[in-house]
file my_file.csv (CSV, C-alpha atoms)
chain,number,residue,atom,x,y,z
A,11,MET,CA,-78.0,-239.6,142.9
A,12,ARG,CA,-74.9,-238.6,144.8
A,13,VAL,CA,-71.6,-239.5,143.0
A,14,GLU,CA,-67.9,-238.7,143.6
A,15,PHE,CA,-65.1,-238.0,141.1
A,16,THR,CA,-61.4,-237.5,141.6
A,17,THR,CA,-59.6,-234.4,140.4
A,18,ARG,CA,-56.2,-234.4,138.8
A,19,ASP,CA,-54.6,-233.3,142.1
A,20,GLY,CA,-56.2,-236.3,143.9
A,21,SER,CA,-59.0,-234.4,145.6
A,22,VAL,CA,-62.4,-236.1,145.8
A,23,ARG,CA,-65.4,-234.0,144.8
A,24,GLU,CA,-69.1,-234.7,145.4
A,25,ALA,CA,-71.6,-234.2,142.6
A,26,PHE,CA,-75.1,-235.3,141.6
A,27,LEU,CA,-75.9,-237.2,138.5
A,28,GLU,CA,-79.6,-236.8,137.4
A,29,LEU,CA,-80.9,-239.0,134.6
A,30,PRO,CA,-84.2,-238.9,132.7
A,31,VAL,CA,-86.8,-240.9,134.6
A,32,ASP,CA,-87.0,-243.5,131.8
A,33,ARG,CA,-83.2,-243.8,131.8
A,34,ASN,CA,-83.3,-243.2,128.0
A,35,VAL,CA,-80.4,-240.7,127.8
A,36,ALA,CA,-80.4,-238.7,124.5
A,37,GLY,CA,-77.5,-236.5,125.6
A,38,CYS,CA,-75.6,-235.2,128.7
A,39,ALA,CA,-75.0,-231.8,130.2
A,40,LEU,CA,-72.4,-230.8,132.8
A,41,PHE,CA,-73.6,-228.0,135.0
A,42,VAL,CA,-70.9,-226.4,137.3
A,43,HIS,CA,-72.2,-223.6,139.6
A,44,ARG,CA,-71.6,-221.4,142.6
A,45,LEU,CA,-75.2,-221.3,143.8
A,46,SER,CA,-75.5,-221.6,147.6
A,47,PRO,CA,-76.8,-224.9,148.9
A,48,VAL,CA,-79.8,-223.4,150.6
A,49,ALA,CA,-80.8,-220.8,147.9
A,50,SER,CA,-80.0,-223.1,145.0
A,51,GLU,CA,-82.2,-226.1,145.8
A,52,GLY,CA,-85.2,-224.8,143.8
A,53,VAL,CA,-82.9,-223.3,141.1
A,54,ILE,CA,-81.0,-226.5,140.5
A,55,GLY,CA,-84.1,-228.7,140.7
A,56,THR,CA,-85.9,-226.5,138.2
A,57,ILE,CA,-83.1,-226.4,135.7
A,58,THR,CA,-82.3,-230.0,136.0
A,59,ARG,CA,-85.9,-231.1,135.5
A,60,ALA,CA,-86.2,-229.0,132.4
A,61,LEU,CA,-83.3,-230.9,130.9
A,62,THR,CA,-84.0,-234.4,132.1
A,63,ARG,CA,-87.5,-234.1,130.7
A,64,LEU,CA,-85.9,-233.7,127.3
A,65,GLY,CA,-83.9,-236.9,127.8
A,66,ILE,CA,-80.7,-235.1,128.9
A,67,GLY,CA,-78.7,-236.5,131.8
A,68,VAL,CA,-77.2,-233.8,134.0
A,69,LEU,CA,-74.1,-233.9,136.2
A,70,LEU,CA,-74.3,-231.1,138.8
A,71,TYR,CA,-71.1,-230.0,140.4
A,72,ARG,CA,-70.9,-227.1,142.9
A,73,TYR,CA,-67.4,-225.6,143.3
A,74,MET,CA,-66.4,-224.3,146.7
A,75,GLY,CA,-66.5,-220.6,147.6
A,76,PRO,CA,-65.0,-218.4,150.3
A,77,GLY,CA,-64.8,-220.2,153.7
A,78,GLU,CA,-66.6,-223.3,152.5
A,79,GLY,CA,-65.4,-226.9,152.9
A,80,ASP,CA,-61.8,-227.8,153.8
A,81,GLY,CA,-61.3,-224.3,155.1
A,82,ALA,CA,-61.0,-222.9,151.5
A,83,PRO,CA,-60.3,-219.2,151.9
A,84,ALA,CA,-61.4,-218.3,148.3
A,85,PRO,CA,-62.8,-219.8,145.2
A,86,PRO,CA,-60.3,-221.7,143.0
A,87,GLU,CA,-58.3,-219.8,140.4
A,88,LEU,CA,-59.6,-220.2,136.9
A,89,PRO,CA,-56.9,-222.8,135.7
A,90,ALA,CA,-57.7,-225.0,138.7
A,91,LEU,CA,-61.5,-224.7,138.2
A,92,THR,CA,-61.1,-225.4,134.5
A,93,GLY,CA,-59.2,-228.6,135.4
A,94,GLU,CA,-62.0,-229.6,137.7
A,95,VAL,CA,-64.5,-229.1,134.9
A,96,LEU,CA,-62.4,-231.4,132.7
A,97,ASP,CA,-62.2,-234.0,135.4
A,98,ALA,CA,-66.0,-233.8,135.9
A,99,ALA,CA,-66.5,-234.2,132.2
A,100,GLY,CA,-64.3,-237.2,132.1
A,101,PHE,CA,-66.3,-238.8,134.9
A,102,LEU,CA,-69.5,-238.1,133.1
A,103,GLU,CA,-68.2,-239.7,130.0
A,104,ARG,CA,-67.2,-242.8,131.9
A,105,GLU,CA,-70.5,-243.1,133.8
A,106,CYS,CA,-73.0,-242.0,131.1
A,107,GLN,CA,-71.7,-240.3,128.0
A,108,ALA,CA,-69.5,-237.4,127.1
A,109,PRO,CA,-71.1,-234.0,127.7
A,110,GLY,CA,-72.8,-232.3,124.8
A,111,ILE,CA,-73.6,-229.2,126.8
A,112,LEU,CA,-71.6,-227.3,129.3
A,113,ILE,CA,-73.4,-224.9,131.7
A,114,GLY,CA,-71.4,-222.7,134.0
A,115,HIS,CA,-72.5,-220.2,136.6
A,116,SER,CA,-70.3,-217.3,137.9
A,117,MET,CA,-66.6,-218.2,137.7
A,118,ALA,CA,-67.5,-221.6,136.3
A,119,GLY,CA,-68.9,-219.8,133.3
A,120,ALA,CA,-65.4,-218.7,132.4
A,121,ALA,CA,-64.1,-222.2,133.2
A,122,VAL,CA,-66.6,-224.0,130.9
A,123,LEU,CA,-65.7,-221.6,128.1
A,124,GLU,CA,-62.0,-222.5,128.5
A,125,ALA,CA,-62.6,-226.2,129.1
A,126,ALA,CA,-64.7,-226.5,125.9
A,127,HIS,CA,-61.6,-226.2,123.8
A,128,GLU,CA,-60.4,-229.6,125.1
A,129,LEU,CA,-63.8,-231.4,124.9
A,130,PRO,CA,-64.7,-232.3,121.3
A,131,SER,CA,-68.0,-233.7,122.4
A,132,VAL,CA,-69.3,-230.3,123.5
A,133,ARG,CA,-71.7,-228.8,120.9
A,134,ALA,CA,-73.2,-225.9,123.0
A,135,ILE,CA,-72.2,-223.8,126.0
A,136,ALA,CA,-74.3,-221.7,128.4
A,137,THR,CA,-73.0,-219.2,130.9
A,138,ILE,CA,-75.0,-217.6,133.7
A,139,GLY,CA,-73.5,-214.5,135.4
A,140,ALA,CA,-70.0,-215.3,134.1
A,141,PRO,CA,-67.0,-212.9,134.3
A,142,PHE,CA,-65.1,-212.0,131.1
A,143,ALA,CA,-61.5,-211.3,131.8
A,144,ALA,CA,-60.8,-214.1,134.3
A,145,ALA,CA,-58.4,-215.9,132.1
A,146,GLY,CA,-55.7,-213.2,132.2
A,147,SER,CA,-55.4,-210.4,129.6
A,148,SER,CA,-58.6,-209.5,127.8
A,149,GLY,CA,-56.8,-210.1,124.4
A,150,ASP,CA,-56.4,-213.8,125.3
A,151,VAL,CA,-60.0,-214.1,126.2
A,152,VAL,CA,-61.2,-212.5,123.0
A,153,ASN,CA,-59.1,-214.8,120.9
A,154,ARG,CA,-60.1,-217.9,122.8
A,155,LEU,CA,-63.8,-217.0,122.5
A,156,ALA,CA,-63.5,-216.4,118.8
A,157,LEU,CA,-62.1,-219.9,118.4
A,158,LEU,CA,-64.9,-221.7,120.3
A,159,HIS,CA,-66.9,-222.8,117.2
A,160,ARG,CA,-69.8,-223.9,119.4
A,161,ALA,CA,-73.3,-222.5,120.0
A,162,LEU,CA,-73.2,-220.1,122.9
A,163,LEU,CA,-75.9,-218.9,125.2
A,164,VAL,CA,-75.0,-215.9,127.5
A,165,MET,CA,-77.5,-215.4,130.4
A,166,HIS,CA,-76.9,-212.4,132.7
A,167,ALA,CA,-78.9,-210.2,135.0
A,168,PRO,CA,-78.7,-206.4,134.5
A,169,THR,CA,-79.1,-206.2,138.3
A,170,ASP,CA,-76.2,-208.5,139.1
A,171,ASP,CA,-74.1,-206.7,141.7
A,172,VAL,CA,-71.4,-209.5,141.9
A,173,VAL,CA,-70.5,-209.8,138.2
A,174,GLY,CA,-71.5,-206.7,136.2
A,175,LEU,CA,-73.5,-206.8,133.0
A,176,GLU,CA,-70.5,-205.5,131.0
A,177,ASN,CA,-68.9,-209.0,131.4
A,178,ALA,CA,-71.8,-210.5,129.4
A,179,ALA,CA,-71.5,-207.9,126.8
A,180,SER,CA,-67.8,-208.6,126.3
A,181,ILE,CA,-68.3,-212.4,126.1
A,182,TYR,CA,-71.1,-211.9,123.6
A,183,ARG,CA,-69.1,-209.5,121.4
A,184,SER,CA,-66.0,-211.7,121.4
A,185,ALA,CA,-67.8,-215.0,120.4
A,186,LYS,CA,-68.8,-215.9,116.9
A,187,HIS,CA,-72.2,-217.1,115.8
A,188,PRO,CA,-74.3,-219.0,116.6
A,189,LYS,CA,-74.7,-217.0,119.9
A,190,SER,CA,-77.6,-215.7,121.9
A,191,PHE,CA,-78.0,-213.4,124.8
A,192,VAL,CA,-80.8,-213.6,127.4
A,193,SER,CA,-81.4,-211.0,130.0
A,194,LEU,CA,-82.4,-212.3,133.4
A,195,SER,CA,-84.2,-209.1,134.3
A,196,ASP,CA,-84.5,-208.3,138.0
A,197,ALA,CA,-82.6,-211.4,139.0
A,198,ASP,CA,-79.7,-211.5,141.4
A,199,HIS,CA,-76.3,-213.2,140.8
A,200,PHE,CA,-77.5,-216.4,142.6
A,201,LEU,CA,-81.0,-216.6,141.1
A,202,THR,CA,-82.6,-216.8,144.5
A,203,GLN,CA,-86.1,-216.0,143.2
A,204,GLU,CA,-88.1,-219.0,141.9
A,205,VAL,CA,-89.4,-217.0,138.9
A,206,ASP,CA,-85.9,-216.4,137.7
A,207,ALA,CA,-85.0,-220.1,138.0
A,208,VAL,CA,-88.1,-221.1,136.0
A,209,PHE,CA,-87.4,-218.6,133.3
A,210,ALA,CA,-83.7,-219.7,133.0
A,211,ALA,CA,-84.7,-223.3,132.9
A,212,SER,CA,-87.3,-222.8,130.2
A,213,VAL,CA,-84.8,-221.0,128.0
A,214,LEU,CA,-82.1,-223.6,128.6
A,215,GLY,CA,-84.4,-226.4,127.7
A,216,ALA,CA,-85.6,-224.9,124.4
A,217,TRP,CA,-82.1,-223.9,123.5
A,218,ALA,CA,-80.6,-227.3,124.2
A,219,MET,CA,-83.2,-229.0,122.0
A,220,ARG,CA,-82.2,-226.7,119.1
A,221,TYR,CA,-78.5,-227.3,119.3
A,222,LEU,CA,-78.2,-230.9,120.4
A,223,ASP,CA,-80.6,-232.2,117.8
A,224,ILE,CA,-82.1,-234.6,120.3
A,225,ARG,CA,-83.9,-237.6,118.9
A,226,PHE,CA,-85.9,-239.8,121.3
A,227,THR,CA,-85.9,-243.6,121.1
A,228,PRO,CA,-88.9,-245.2,122.7
A,229,ASP,CA,-88.0,-247.0,125.9
A,230,PRO,CA,-89.2,-250.7,125.6
A,231,ASP,CA,-90.1,-250.5,129.3
A,232,LEU,CA,-92.6,-247.7,128.5
A,233,ASP,CA,-95.1,-249.7,126.5
A,234,PRO,CA,-98.4,-247.7,126.3
A,235,HIS,CA,-100.3,-251.0,126.3
A,236,ASP,CA,-98.8,-252.2,129.5
A,237,HIS,CA,-100.8,-250.8,132.3
A,238,ARG,CA,-98.7,-252.1,135.2
A,239,ALA,CA,-97.1,-249.4,137.3
A,240,VAL,CA,-93.3,-249.9,137.8
A,241,VAL,CA,-91.9,-247.8,140.7
A,242,ARG,CA,-88.2,-247.6,141.6
A,243,ILE,CA,-86.3,-245.8,144.4
A,244,GLU,CA,-82.6,-245.8,144.9
A,245,ARG,CA,-80.5,-243.9,147.5
A,246,ASP,CA,-81.2,-240.3,146.5
A,247,HIS,CA,-83.4,-239.2,149.4
A,248,TYR,CA,-87.0,-240.1,148.5
A,249,ARG,CA,-86.9,-239.3,144.8
A,250,THR,CA,-88.9,-242.1,143.2
A,251,GLU,CA,-89.4,-243.0,139.5
A,252,VAL,CA,-92.8,-244.1,138.3
A,253,ARG,CA,-93.5,-245.7,134.9
A,254,ALA,CA,-97.1,-246.5,133.9
A,255,GLY,CA,-99.0,-246.8,130.7
A,256,GLY,CA,-96.1,-245.6,128.5
A,257,HIS,CA,-95.4,-242.6,130.6
A,258,ALA,CA,-92.8,-241.6,133.2
A,259,LEU,CA,-92.9,-239.3,136.1
A,260,ILE,CA,-91.1,-238.6,139.4
A,261,THR,CA,-92.6,-238.5,142.9
A,262,ASP,CA,-90.8,-237.3,146.1
A,263,GLU,CA,-91.3,-235.9,149.5
A,264,PRO,CA,-90.9,-232.2,150.5
A,265,ALA,CA,-87.6,-231.0,151.9
A,266,ALA,CA,-89.2,-230.7,155.4
A,267,LEU,CA,-89.6,-234.5,155.5
A,268,GLY,CA,-86.1,-235.2,154.2
A,269,GLY,CA,-86.9,-235.3,150.5
A,270,SER,CA,-85.7,-233.1,147.6
A,271,ASN,CA,-89.2,-232.0,146.4
A,272,ALA,CA,-88.4,-233.2,142.9
A,273,GLY,CA,-92.1,-234.1,142.3
A,274,PRO,CA,-95.5,-234.5,143.8
A,275,THR,CA,-95.9,-236.7,146.9
A,276,PRO,CA,-97.6,-240.1,146.7
A,277,TYR,CA,-100.7,-238.6,148.3
A,278,ASP,CA,-100.6,-235.8,145.7
A,279,LEU,CA,-100.7,-238.5,143.0
A,280,LEU,CA,-103.5,-240.4,144.8
A,281,ILE,CA,-105.9,-237.4,145.0
A,282,GLY,CA,-104.7,-236.2,141.6
A,283,GLY,CA,-105.8,-239.6,140.2
A,284,LEU,CA,-109.2,-239.2,141.9
A,285,GLY,CA,-109.6,-235.7,140.6
A,286,ALA,CA,-108.6,-236.8,137.0
A,287,CYS,CA,-111.0,-239.7,137.1
A,288,THR,CA,-113.8,-237.4,138.4
A,289,ALA,CA,-113.3,-234.9,135.7
A,290,ILE,CA,-113.1,-237.5,132.9
A,291,THR,CA,-116.3,-239.3,134.2
A,292,ILE,CA,-118.2,-236.0,134.2
A,293,ARG,CA,-116.9,-235.2,130.8
A,294,MET,CA,-118.0,-238.5,129.3
A,295,TYR,CA,-121.5,-238.3,130.8
A,296,ALA,CA,-122.0,-234.7,129.7
A,297,ASP,CA,-120.9,-235.6,126.2
A,298,ARG,CA,-123.3,-238.5,126.0
A,299,LYS,CA,-126.1,-236.3,127.2
A,300,GLU,CA,-124.9,-233.4,124.9
A,301,TRP,CA,-125.0,-231.0,127.8
A,302,PRO,CA,-123.2,-227.7,127.4
A,303,VAL,CA,-120.3,-228.4,129.8
A,304,GLU,CA,-117.4,-226.2,128.7
A,305,ALA,CA,-114.9,-227.3,131.4
A,306,VAL,CA,-114.7,-229.2,134.6
A,307,GLU,CA,-112.3,-228.3,137.4
A,308,VAL,CA,-111.8,-230.5,140.5
A,309,ARG,CA,-109.9,-229.3,143.6
A,310,LEU,CA,-108.9,-231.9,146.2
A,311,THR,CA,-107.2,-231.9,149.5
A,312,HIS,CA,-106.2,-234.8,151.7
A,313,ARG,CA,-106.0,-234.7,155.5
A,314,LYS,CA,-106.1,-237.0,158.5
A,315,VAL,CA,-108.6,-236.1,161.2
A,316,PRO,CA,-109.8,-237.8,164.4
A,317,ALA,CA,-112.5,-240.4,163.6
A,318,ASP,CA,-115.0,-238.9,166.1
A,319,GLN,CA,-114.9,-235.6,164.2
A,320,VAL,CA,-116.3,-237.0,161.0
A,321,ASP,CA,-119.2,-239.3,160.1
A,322,CYS,CA,-117.2,-242.4,160.0
A,323,GLU,CA,-119.2,-245.6,159.8
A,324,TRP,CA,-116.5,-248.2,160.7
A,325,THR,CA,-114.6,-246.6,163.6
A,326,LYS,CA,-114.7,-243.8,166.2
A,327,LYS,CA,-111.1,-244.2,167.3
A,328,GLY,CA,-107.8,-243.0,165.9
A,329,LYS,CA,-107.6,-241.0,162.7
A,330,VAL,CA,-109.2,-241.5,159.4
A,331,ASP,CA,-108.3,-240.2,155.9
A,332,VAL,CA,-110.6,-237.4,154.6
A,333,ILE,CA,-110.5,-236.2,151.0
A,334,ASP,CA,-112.3,-233.0,150.3
A,335,ARG,CA,-113.4,-232.7,146.7
A,336,GLU,CA,-114.8,-229.5,145.2
A,337,VAL,CA,-116.2,-229.6,141.6
A,338,THR,CA,-116.6,-226.6,139.4
A,339,LEU,CA,-118.8,-226.9,136.3
A,340,TYR,CA,-118.4,-224.3,133.6
A,341,GLY,CA,-121.2,-224.0,131.1
A,342,GLU,CA,-124.9,-222.9,130.7
A,343,LEU,CA,-126.3,-225.7,132.9
A,344,ASP,CA,-129.6,-225.7,134.8
A,345,GLU,CA,-129.8,-226.8,138.4
A,346,ALA,CA,-131.1,-230.3,137.6
A,347,GLN,CA,-128.1,-230.9,135.3
A,348,ARG,CA,-125.7,-229.6,137.8
A,349,ALA,CA,-127.1,-231.9,140.6
A,350,ARG,CA,-127.0,-234.9,138.3
A,351,LEU,CA,-123.3,-234.3,137.3
A,352,LEU,CA,-122.4,-234.1,141.0
A,353,GLU,CA,-124.0,-237.5,141.5
A,354,ILE,CA,-122.0,-238.8,138.6
A,355,ALA,CA,-118.8,-237.5,140.2
A,356,ASP,CA,-119.4,-240.0,143.1
A,357,ARG,CA,-119.6,-242.8,140.6
A,358,CYS,CA,-116.2,-242.4,139.0
A,359,PRO,CA,-114.2,-245.7,139.0
A,360,VAL,CA,-111.3,-244.4,141.2
A,361,HIS,CA,-113.8,-243.1,143.8
A,362,ARG,CA,-115.5,-246.5,143.9
A,363,THR,CA,-112.1,-248.2,144.2
A,364,ILE,CA,-111.1,-246.0,147.2
A,365,ASP,CA,-114.5,-246.4,148.8
A,366,GLY,CA,-114.4,-250.2,148.3
A,367,GLY,CA,-111.1,-250.6,150.2
A,368,PRO,CA,-109.2,-252.5,147.5
A,369,CYS,CA,-107.4,-255.7,148.5
A,370,VAL,CA,-103.7,-255.1,148.1
A,371,ARG,CA,-101.6,-258.3,147.8
A,372,THR,CA,-97.8,-258.2,148.2
A,373,THR,CA,-95.4,-260.8,146.8
A,374,GLU,CA,-91.7,-260.8,146.3
A,375,ARG,CA,-90.0,-260.7,142.9
A,376,ARG,CA,-86.3,-261.5,143.1
A,377,PRO,CA,-84.1,-259.2,140.9
A,378,GLU,CA,-82.6,-260.7,137.8
A,379,ALA,CA,-79.3,-259.7,136.4
A,380,GLN,CA,-80.8,-257.4,133.7
A,381,ASP,CA,-82.8,-255.5,136.3
A,382,ARG,CA,-79.7,-254.2,138.2

call {"tool": "encode", "arguments": {"input": "my_file.csv", "output": "structure tokens"}}
result
Amino acid sequence: MRVEFTTRDGSVREAFLELPVDRNVAGCALFVHRLSPVASEGVIGTITRALTRLGIGVLLYRYMGPGEGDGAPAPPELPALTGEVLDAAGFLERECQAPGILIGHSMAGAAVLEAAHELPSVRAIATIGAPFAAAGSSGDVVNRLALLHRALLVMHAPTDDVVGLENAASIYRSAKHPKSFVSLSDADHFLTQEVDAVFAASVLGAWAMRYLDIRFTPDPDLDPHDHRAVVRIERDHYRTEVRAGGHALITDEPAALGGSNAGPTPYDLLIGGLGACTAITIRMYADRKEWPVEAVEVRLTHRKVPADQVDCEWTKKGKVDVIDREVTLYGELDEAQRARLLEIADRCPVHRTIDGGPCVRTTERRPEAQDR
């Protein structure tokens, strides 16, 4: 969700606060970056989801660069940016909890290294493409890094043509253990390739678990015996939280429709549920018959087509929903067994529910104080 915080000079900055879908926050991270709004959407989403899935709340703050916003002619100097990092950390502490992780990209990498000295809650710091000597003389930087006394993860691309790899080497050499270096091979400074974002996110997630000592507390609203679905949407585009059967997930709409593509669409979930039920039903039947089914794969697509183009029994006008389902059966099965399993696919409970046209009844439940 979009949030705002005020810096020490009175400026208002926009940020995004992303919480785990079950709202059970095991720790918080502050991620300050210089990734461009267009190129970074996938990067930020990928890294954020990797952390929120672990129960880590993330405050995302993008500092301005040359020519961006308010006519800024250049990025802020390091002292000013460090101050903004501290202001953002204070906001995060007030709204959620004090940050346990600082993540800084580009100049913000140098800023989070400096800000960490004033944030006792911070246990681990990660830099991505960060410069080394931004704080003044290299001697000052070396001494400050040696006094961090926090876990450090240095991520840098050998092909970074904005901040050279030698900066990462200097940061790594100056810091004390525990420290780690991860090469983002073939990546550029802004991580514009999805594969680089996925790799960086996976490393950050595993690293955060190790150094934050995260312990999960079961959410009372995620009772595995309660099979109601609870769905909640707030003001952050179309990102929607879904809780059902003791599990939590996110659904969204693609960017082309005004969403943020943070998860599958509602129709994706619908056909995914049909596919899962189809596969489970076939699996159960094959097991009872002791047939040699090694695996079942179901591929589904949903589309709307004119009613007169399909064999629709109830109407010839307008458009109707068509779900195409392709079943692949792996195993040494004869033709009779394969034909029977395809018949069974049409008998899965979700298929029958969709075919039957379920009666959906809507009532209003007024929010109570504890729901807000």

call {"tool": "atom_distance", "arguments": {"input": "my_file.csv", "atom1": "CA of Val173 in chain A", "atom2": "CA of Val42 in chain A"}}
result
16.6 Å

call {"tool": "closest_residue", "arguments": {"input": "my_file.csv", "among": "A:Gly114, A:Gly139, A:Gly65, A:Pro276", "to": "Cys38 in chain A", "atoms": "all atoms listed in the file"}}
result
A:Gly65

call {"tool": "atom_distance", "arguments": {"input": "my_file.csv", "atom1": "CA of Leu284 in chain A", "atom2": "CA of Lys329 in chain A"}}
result
20.9 Å

call {"tool": "closest_residue", "arguments": {"input": "my_file.csv", "among": "A:Gln319, A:Ala346, A:Tyr277, A:Ile354", "to": "Ala296 in chain A", "atoms": "all atoms listed in the file"}}
result
A:Ile354

call {"tool": "atom_distance", "arguments": {"input": "my_file.csv", "atom1": "CA of Ser116 in chain A", "atom2": "CA of Ala210 in chain A"}}
result
14.5 Å

call {"tool": "residues_around", "arguments": {"input": "my_file.csv", "residues": "range 187-194 of chain A", "least_positions_apart": "4", "cutoff": "6 Å", "atoms": "only C-alpha atoms", "output": "tab-separated table (two decimals) with C-alpha atoms, in the coordinates of the input"}}
result
chain	number	residue	atom	x	y	z
A	161	ALA	CA	-73.30	-222.50	120.00
A	162	LEU	CA	-73.20	-220.10	122.90
A	163	LEU	CA	-75.90	-218.90	125.20
A	164	VAL	CA	-75.00	-215.90	127.50
A	165	MET	CA	-77.50	-215.40	130.40
A	166	HIS	CA	-76.90	-212.40	132.70
A	167	ALA	CA	-78.90	-210.20	135.00

call {"tool": "closest_residue", "arguments": {"input": "my_file.csv", "among": "A:Leu222, A:Ile333, A:Leu351, A:Leu129", "to": "Met294 in chain A", "atoms": "only C-alpha atoms"}}
result
A:Leu351

call {"tool": "closest_residue", "arguments": {"input": "my_file.csv", "among": "A:Val172, A:Ala108, A:Ala121, A:Leu279", "to": "His199 in chain A", "atoms": "only C-alpha atoms"}}
result
A:Val172

call {"tool": "residues_around", "arguments": {"input": "my_file.csv", "residues": "Val308 in chain A", "least_positions_apart": "4", "cutoff": "9 Å", "atoms": "all atoms listed in the file", "output": "list in words"}}
result
Gly285, Ala286, Thr288, Ala289, Arg335, Glu336, Val337, Thr338 and Leu339 of chain A

call {"tool": "build_atoms", "arguments": {"input": "my_file.csv", "residues": "range 20-31 of chain A", "atoms": "N, CA and C atoms", "output": "PDB file, in the coordinates of the input"}}
result
ATOM      1  N   GLY A  20     -55.880-235.266 142.935  1.00  0.00           N
ATOM      2  CA  GLY A  20     -56.200-236.300 143.900  1.00  0.00           C
ATOM      3  C   GLY A  20     -57.329-235.999 144.848  1.00  0.00           C
ATOM      4  N   SER A  21     -57.909-234.797 144.755  1.00  0.00           N
ATOM      5  CA  SER A  21     -59.000-234.400 145.600  1.00  0.00           C
ATOM      6  C   SER A  21     -60.301-235.138 145.173  1.00  0.00           C
ATOM      7  N   VAL A  22     -61.151-235.457 146.124  1.00  0.00           N
ATOM      8  CA  VAL A  22     -62.400-236.100 145.800  1.00  0.00           C
ATOM      9  C   VAL A  22     -63.532-235.046 145.904  1.00  0.00           C
ATOM     10  N   ARG A  23     -64.325-234.943 144.859  1.00  0.00           N
ATOM     11  CA  ARG A  23     -65.400-234.000 144.800  1.00  0.00           C
ATOM     12  C   ARG A  23     -66.759-234.698 144.754  1.00  0.00           C
ATOM     13  N   GLU A  24     -67.725-234.132 145.457  1.00  0.00           N
ATOM     14  CA  GLU A  24     -69.100-234.700 145.400  1.00  0.00           C
ATOM     15  C   GLU A  24     -69.894-233.978 144.352  1.00  0.00           C
ATOM     16  N   ALA A  25     -70.696-234.734 143.628  1.00  0.00           N
ATOM     17  CA  ALA A  25     -71.600-234.200 142.600  1.00  0.00           C
ATOM     18  C   ALA A  25     -72.873-234.960 142.596  1.00  0.00           C
ATOM     19  N   PHE A  26     -73.782-234.567 141.736  1.00  0.00           N
ATOM     20  CA  PHE A  26     -75.100-235.300 141.600  1.00  0.00           C
ATOM     21  C   PHE A  26     -75.285-235.583 140.132  1.00  0.00           C
ATOM     22  N   LEU A  27     -75.630-236.820 139.859  1.00  0.00           N
ATOM     23  CA  LEU A  27     -75.900-237.200 138.500  1.00  0.00           C
ATOM     24  C   LEU A  27     -77.417-237.515 138.395  1.00  0.00           C
ATOM     25  N   GLU A  28     -78.114-236.701 137.611  1.00  0.00           N
ATOM     26  CA  GLU A  28     -79.600-236.800 137.400  1.00  0.00           C
ATOM     27  C   GLU A  28     -79.841-237.322 136.023  1.00  0.00           C
ATOM     28  N   LEU A  29     -80.564-238.429 135.907  1.00  0.00           N
ATOM     29  CA  LEU A  29     -80.900-239.000 134.600  1.00  0.00           C
ATOM     30  C   LEU A  29     -82.367-238.890 134.326  1.00  0.00           C
ATOM     31  N   PRO A  30     -82.758-238.943 133.050  1.00  0.00           N
ATOM     32  CA  PRO A  30     -84.200-238.900 132.700  1.00  0.00           C
ATOM     33  C   PRO A  30     -84.886-240.093 133.449  1.00  0.00           C
ATOM     34  N   VAL A  31     -86.137-239.898 133.782  1.00  0.00           N
ATOM     35  CA  VAL A  31     -86.800-240.900 134.600  1.00  0.00           C
ATOM     36  C   VAL A  31     -86.926-242.234 133.876  1.00  0.00           C
TER      37      VAL A  31
END
